[in-house]
Amino acid sequence: MHISDGILSSEVVIATSVIGVAMVAYSLKNLKTENIALIAAMGAIFFIASFIHIPLGPTSIHLILTGVIGILIGPLAFLSILIALLFQAILLGYGGLTSLGANLIIMALPSYLTYLFVKRGYLNFMNIKIKYFMIGFIPVLLSTLLLALVLAISKDEYLYASYTLILANAPAMFIEGLITIFLINYLKKSIPNLLDGVKL
Amino acid sequence: MSKFNSSVILVSAFLYSIFISFNSVELIFLLPIAFLLLFEYKELIKLIKKLLFLNLFIGMIFIILLLQGDFENALNIYIRTNMIIFFNLLLFLKSSGYDVVRALNELRFPKKFVSSVYFSLKMIQTLSDEFKKMKQTLKSRGFRANSSLFTYETYGNLFGHIFVKSIKKAAALQDSFELRGFNGRIYLINSSSLTYYDVLLLFIICMLYVKEVVV
C-alpha cells in the first residue's frame, strides 16, 4: 500500500508533505522522553509486519497493524509510522521520499482515527469480538480509501488504478480484522491493564 | 561502509527523488546513477533483482495507464519511478540505517526525532531477530500457513507475542534511560568531513537542476 516516488503530481506531493509535517510536529509536541522507547517499538513492529506474508488462497498479503499501534500510542503513531516508512523507503525501497507525506497520511491517519473511535467509545455498541475485528478492519479500509483518493486527486488517469486497489485490498481488511481479534485477546491475557487508556 | 558522507547520501536521495519525480525522463538523468554504479558495479545483478521485486505497484499503474491508451505517460512514469528506486538502492546499498541517524543529527533535526529514529532502528534489529526465532519455532513444530482460521489465530498470537515482547523491551529500555539520566538527546560521533566523491555527487545532481532552469 505504499506509493512510490514519481507517481504523484507535484501539487499532491506538496500538499501531503505539508500535512505530514504538521502531523509529525503534533506527535513531537505530545512526545515525552519516557515514551520514546515505546514509539520506537511500535515503529519497529510496523516495519517488521511488512515482511510477514499471510497466505490468502494462491496469493499472500501482509498486515499493517496500524489499528493496534494506534490504540497503544494514539497521536504518537504519526511519528512512529513516519520513522518506519522512512526506513522502509531507504533500506527496502518500499514507498519513496517525495511520497513520504502521502504514505504517512495513508498509514498513520487511519491509525489515529481508530484510536479516537475506540477512546471516545464510538464502537462500544458492538459485541466485543466485532469491536476487536473493527480495530483491525477500519484502518485498512481507511488506508485503502485514502490511497485511492490520493491517487485519484493526483491524476485523472489513476482513477481506474484506485478502483483496482480498493478491490485488491478488500480481503486484506477482513484478514487484518480476524487476526486483530486474536492479537488483542493475547494482549489482554498477557498484560491485562495495557489497554485501560482506551477503555478496552 | 559507504564511500559517501551520510548527510550527502540523504540530501542526494531527496534532491534526486524530487527532481526526477516532476520531470519527463531524459537520458542525462541517468548520470548520477552511472556515477554511483562506478563504485557498486559488482552488485548490479543483485540490485536489478531487487528492483524487479519492487515493480509490483509501479507495474500495476503502468498497465492501467497503458490500457487507457496513455503509452507515453505510462512509460515516463514507469521509467522515472524505477530510476529513483534504483538510485536510492545504490545510495543506501551499504547502509545499516545508523548512517541515516547520523545524517539526521548532522542536519540538525530535532533531538527527540533523532533519538526516536535511533531507538526505532535498535528495536527493528531486536524484533527482527525475535521474529526469526519465532518463525523457526513454528517451522520446527510443523506449522504450515494456509488460508484457515487456525493460521490466522496462530498469526494473531504471534503478533500478540511480538507486541508484548516489544512493550517489555521498551519498558526495560526506558528504565535504563532513567538510570543514565537520558534527557531525550543521544550523542553521536559526527563525521562531517566531505570527500571529492561527495562533492562530485552533489555537483552532478545540482547540474540537473541547473540544466532544467537554463534550458
# chains A, B, ... in the order shown; residues from 1 in each chain; ligands from 1
$ residues_around --residues "stretch 186-189 of chain B" --least-positions-apart "2" --cutoff "12 Å" --atoms "only C-alpha atoms" --output "PDB file with C-alpha atoms, in the first residue's frame"
ATOM      1  CA  THR A  33      11.044  11.443  26.823  1.00  0.00           C
ATOM      2  CA  ILE A  36      10.491   7.370  23.062  1.00  0.00           C
TER       3      ILE A  36
ATOM      4  CA  SER B   6      25.885  10.197   5.497  1.00  0.00           C
ATOM      5  CA  TYR B  98      22.699   4.189  11.569  1.00  0.00           C
ATOM      6  CA  ASP B  99      24.215   6.471   8.942  1.00  0.00           C
ATOM      7  CA  VAL B 100      20.691   7.841   8.442  1.00  0.00           C
ATOM      8  CA  VAL B 101      20.520   8.615  12.171  1.00  0.00           C
ATOM      9  CA  ARG B 102      23.916  10.323  11.924  1.00  0.00           C
ATOM     10  CA  ALA B 103      22.764  12.285   8.880  1.00  0.00           C
ATOM     11  CA  LEU B 104      19.596  13.473  10.636  1.00  0.00           C
ATOM     12  CA  ASN B 105      21.708  14.520  13.609  1.00  0.00           C
ATOM     13  CA  GLU B 106      24.177  16.405  11.397  1.00  0.00           C
ATOM     14  CA  PRO B 110      15.002  17.904  16.487  1.00  0.00           C
ATOM     15  CA  LYS B 111      16.833  15.893  19.154  1.00  0.00           C
ATOM     16  CA  LYS B 112      13.758  13.893  20.136  1.00  0.00           C
ATOM     17  CA  PHE B 113      13.222  12.972  16.493  1.00  0.00           C
ATOM     18  CA  VAL B 114      16.829  11.789  16.112  1.00  0.00           C
ATOM     19  CA  SER B 115      16.580   9.768  19.344  1.00  0.00           C
ATOM     20  CA  SER B 116      13.324   8.192  18.190  1.00  0.00           C
ATOM     21  CA  VAL B 117      14.888   7.206  14.856  1.00  0.00           C
ATOM     22  CA  TYR B 118      17.914   5.730  16.637  1.00  0.00           C
ATOM     23  CA  PHE B 119      15.858   3.652  19.064  1.00  0.00           C
ATOM     24  CA  PHE B 177      17.248   5.679  30.203  1.00  0.00           C
ATOM     25  CA  ARG B 180      21.561   7.022  32.803  1.00  0.00           C
ATOM     26  CA  GLY B 181      19.799  10.377  33.089  1.00  0.00           C
ATOM     27  CA  PHE B 182      18.619  10.351  29.459  1.00  0.00           C
ATOM     28  CA  ASN B 183      17.050  13.692  28.544  1.00  0.00           C
ATOM     29  CA  GLY B 184      15.805  12.907  25.034  1.00  0.00           C
ATOM     30  CA  SER B 191      31.802  12.617  10.630  1.00  0.00           C
ATOM     31  CA  SER B 192      31.156  15.841   8.782  1.00  0.00           C
ATOM     32  CA  SER B 193      34.172  15.694   6.511  1.00  0.00           C
TER      33      SER B 193
END
$ closest_atom_pairs --of "chain A" --to "chain B" --cutoff "7 Å" --atoms "only C-alpha atoms" --output "tab-separated table"
residue	atom	partner	partner_atom	distance
A:Ser4	CA	B:Thr81	CA	6.8
A:Asp5	CA	B:Thr81	CA	5.7
A:Gly6	CA	B:Ser21	CA	3.9
A:Ile7	CA	B:Ile77	CA	6.4
A:Ser10	CA	B:Phe22	CA	6.4
A:Thr33	CA	B:Gly184	CA	5.3
A:Glu34	CA	B:Gln174	CA	6.3
A:Ile36	CA	B:Ser116	CA	5.7
A:Ala37	CA	B:Ala170	CA	4.8
A:Leu38	CA	B:Ala170	CA	5.2
A:Ala40	CA	B:Ser120	CA	3.9
A:Ala41	CA	B:Ser166	CA	5.5
A:Gly43	CA	B:Ser120	CA	6.2
A:Ala44	CA	B:Ile124	CA	4.6
A:Ile48	CA	B:Ser128	CA	6.7
A:Pro55	CA	B:Asn146	CA	5.4
A:Leu56	CA	B:Ser147	CA	5.3
A:Gly57	CA	B:Ser147	CA	6.1
A:Ile83	CA	B:Val117	CA	6.1
A:Ile90	CA	B:Phe92	CA	6.5
A:Leu91	CA	B:Phe92	CA	6.5
A:Gly93	CA	B:Ile85	CA	6.2
A:Leu97	CA	B:Phe14	CA	6.3
A:Thr98	CA	B:Ile18	CA	6.1
A:Glu157	CA	B:Leu65	CA	6.6
A:Tyr160	CA	B:Ile64	CA	7.0
A:Ala161	CA	B:Ile64	CA	6.3
A:Leu178	CA	B:Tyr152	CA	6.9
A:Ile179	CA	B:Gly156	CA	4.6
A:Thr180	CA	B:Gly156	CA	6.2
A:Phe182	CA	B:Gly156	CA	4.8
A:Leu183	CA	B:Gly156	CA	4.3
A:Ile184	CA	B:Gly160	CA	7.0
A:Tyr186	CA	B:Gly160	CA	5.5
A:Leu187	CA	B:Gly160	CA	5.7
$ atom_distance --atom1 "atom CA of A:Leu31" --atom2 "atom CA of A:Arg120"
21.2 Å
$ select_by_dssp --residues "stretch 59-152 of chain A" --states "alpha helix (DSSP H)" --output "PyMOL selection string"
chain A and resi 66-73+77-87+100-119+128-152
$ select_by_dssp --residues "stretch 10-199 of chain A" --states "strand (DSSP E)" --output "PyMOL selection string"
chain A and resi 53-56+59-62
$ write_last_selection --atoms "C-alpha atoms" --output "PDB file, in the first residue's frame"
ATOM      1  CA  HIS A  53       3.205 -12.763   4.462  1.00  0.00           C
ATOM      2  CA  ILE A  54      -0.156 -14.222   5.347  1.00  0.00           C
ATOM      3  CA  PRO A  55      -1.484 -16.759   2.828  1.00  0.00           C
ATOM      4  CA  LEU A  56      -4.663 -15.854   1.011  1.00  0.00           C
ATOM      5  CA  THR A  59      -1.508 -15.269  -3.164  1.00  0.00           C
ATOM      6  CA  SER A  60      -0.499 -13.600   0.120  1.00  0.00           C
ATOM      7  CA  ILE A  61      -0.955 -10.300   1.919  1.00  0.00           C
ATOM      8  CA  HIS A  62       0.918  -8.558   4.699  1.00  0.00           C
TER       9      HIS A  62
END
$ closest_atom_pairs --of "stretch 102-191 of chain A" --to "stretch 21-29 of chain A" --cutoff "10 Å" --atoms "only C-alpha atoms" --output "CSV"
residue,atom,partner,partner_atom,distance
A:Leu104,CA,A:Met23,CA,8.8
A:Ile105,CA,A:Met23,CA,8.5
A:Ala108,CA,A:Met23,CA,9.0
A:Leu109,CA,A:Met23,CA,8.7
$ residues_around --residues "A:Leu149" --least-positions-apart "2" --cutoff "12 Å" --atoms "only C-alpha atoms" --output "list in words"
Leu8, Val12, Thr16, Ala102, Ile105, Ile106, Leu142, Ser143, Thr144, Leu145, Leu146, Leu147, Leu151, Ala152, Ile153, Ser154, Lys155, Asp156, Tyr158, Leu159, Tyr160, Ala161, Ser162, Tyr163, Leu165 and Ile166 of chain A
$ write_last_selection --atoms "N, CA and C atoms" --output "CSV table (one decimal), in the first residue's frame"
chain,number,residue,atom,x,y,z
A,8,LEU,N,3.0,10.5,-8.0
A,8,LEU,CA,2.1,11.6,-7.7
A,8,LEU,C,2.5,12.9,-8.4
A,12,VAL,N,0.1,17.4,-5.3
A,12,VAL,CA,-0.3,16.4,-4.2
A,12,VAL,C,0.9,16.2,-3.3
A,16,THR,N,0.5,17.0,0.6
A,16,THR,CA,0.6,15.9,1.5
A,16,THR,C,1.9,16.0,2.4
A,102,ALA,N,2.5,11.6,1.7
A,102,ALA,CA,1.3,10.9,1.3
A,102,ALA,C,1.2,9.5,2.0
A,105,ILE,N,0.1,10.0,5.6
A,105,ILE,CA,-1.3,10.2,5.7
A,105,ILE,C,-2.1,8.9,5.5
A,106,ILE,N,-1.7,8.2,4.5
A,106,ILE,CA,-2.4,6.9,4.2
A,106,ILE,C,-2.3,5.9,5.4
A,142,LEU,N,-9.7,2.5,5.8
A,142,LEU,CA,-9.4,3.9,5.6
A,142,LEU,C,-8.2,4.1,4.8
A,143,SER,N,-7.1,3.3,5.1
A,143,SER,CA,-5.9,3.4,4.4
A,143,SER,C,-6.1,3.2,2.9
A,144,THR,N,-6.9,2.2,2.6
A,144,THR,CA,-7.2,1.9,1.2
A,144,THR,C,-7.9,3.0,0.5
A,145,LEU,N,-8.9,3.6,1.2
A,145,LEU,CA,-9.7,4.7,0.7
A,145,LEU,C,-8.8,5.9,0.5
A,146,LEU,N,-7.9,6.2,1.4
A,146,LEU,CA,-7.0,7.3,1.3
A,146,LEU,C,-6.1,7.1,0.2
A,147,LEU,N,-5.6,5.9,0.0
A,147,LEU,CA,-4.6,5.6,-1.1
A,147,LEU,C,-5.3,5.9,-2.4
A,151,LEU,N,-4.4,9.0,-5.1
A,151,LEU,CA,-4.1,8.7,-6.5
A,151,LEU,C,-5.0,9.4,-7.4
A,152,ALA,N,-6.3,9.3,-7.1
A,152,ALA,CA,-7.4,9.9,-7.9
A,152,ALA,C,-7.2,11.4,-8.0
A,153,ILE,N,-6.8,12.1,-6.9
A,153,ILE,CA,-6.6,13.5,-6.9
A,153,ILE,C,-5.4,13.9,-7.7
A,154,SER,N,-4.4,13.0,-7.7
A,154,SER,CA,-3.1,13.3,-8.3
A,154,SER,C,-3.3,13.4,-9.8
A,155,LYS,N,-3.9,12.4,-10.4
A,155,LYS,CA,-4.1,12.4,-11.9
A,155,LYS,C,-5.4,11.6,-12.2
A,156,ASP,N,-6.1,12.2,-13.2
A,156,ASP,CA,-7.4,11.6,-13.6
A,156,ASP,C,-7.2,10.2,-14.1
A,158,TYR,N,-5.4,7.9,-13.0
A,158,TYR,CA,-5.2,6.9,-11.9
A,158,TYR,C,-6.5,6.4,-11.3
A,159,LEU,N,-7.6,6.9,-11.9
A,159,LEU,CA,-9.0,6.6,-11.3
A,159,LEU,C,-9.2,5.1,-11.3
A,160,TYR,N,-8.9,4.5,-12.5
A,160,TYR,CA,-9.1,3.0,-12.6
A,160,TYR,C,-8.1,2.3,-11.6
A,161,ALA,N,-6.9,2.8,-11.5
A,161,ALA,CA,-6.0,2.2,-10.5
A,161,ALA,C,-6.5,2.2,-9.1
A,162,SER,N,-7.2,3.3,-8.8
A,162,SER,CA,-7.8,3.5,-7.5
A,162,SER,C,-8.8,2.4,-7.2
A,163,TYR,N,-9.7,2.2,-8.2
A,163,TYR,CA,-10.8,1.2,-8.1
A,163,TYR,C,-10.1,-0.2,-7.9
A,165,LEU,N,-7.2,-0.9,-6.7
A,165,LEU,CA,-6.6,-1.0,-5.4
A,165,LEU,C,-7.6,-1.3,-4.3
A,166,ILE,N,-8.8,-0.7,-4.4
A,166,ILE,CA,-9.8,-0.9,-3.4
A,166,ILE,C,-10.3,-2.4,-3.4
$ atom_distance --atom1 "atom CA of A:Leu72" --atom2 "atom CA of A:Gly101"
22.4 Å
$ residues_around --residues "B:Leu194" --least-positions-apart "2" --cutoff "10 Å" --atoms "only C-alpha atoms" --output "list in words"
Phe4, Asn5, Ser6, Ser7, Val8, Ser191, Ser192, Tyr196, Tyr197, Asp198 and Val199 of chain B
$ atom_distance --atom1 "atom CA of A:Ala77" --atom2 "atom CA of A:Tyr115"
9.6 Å
$ closest_residue --among "A:Gly67, A:Gly20, A:Gly177, A:Gly197" --to "A:Ile130" --atoms "only C-alpha atoms"
A:Gly177
$ closest_residue --among "A:Pro192, A:Gly95, A:Pro139, A:Gly121" --to "A:Thr66" --atoms "only C-alpha atoms"
A:Pro139
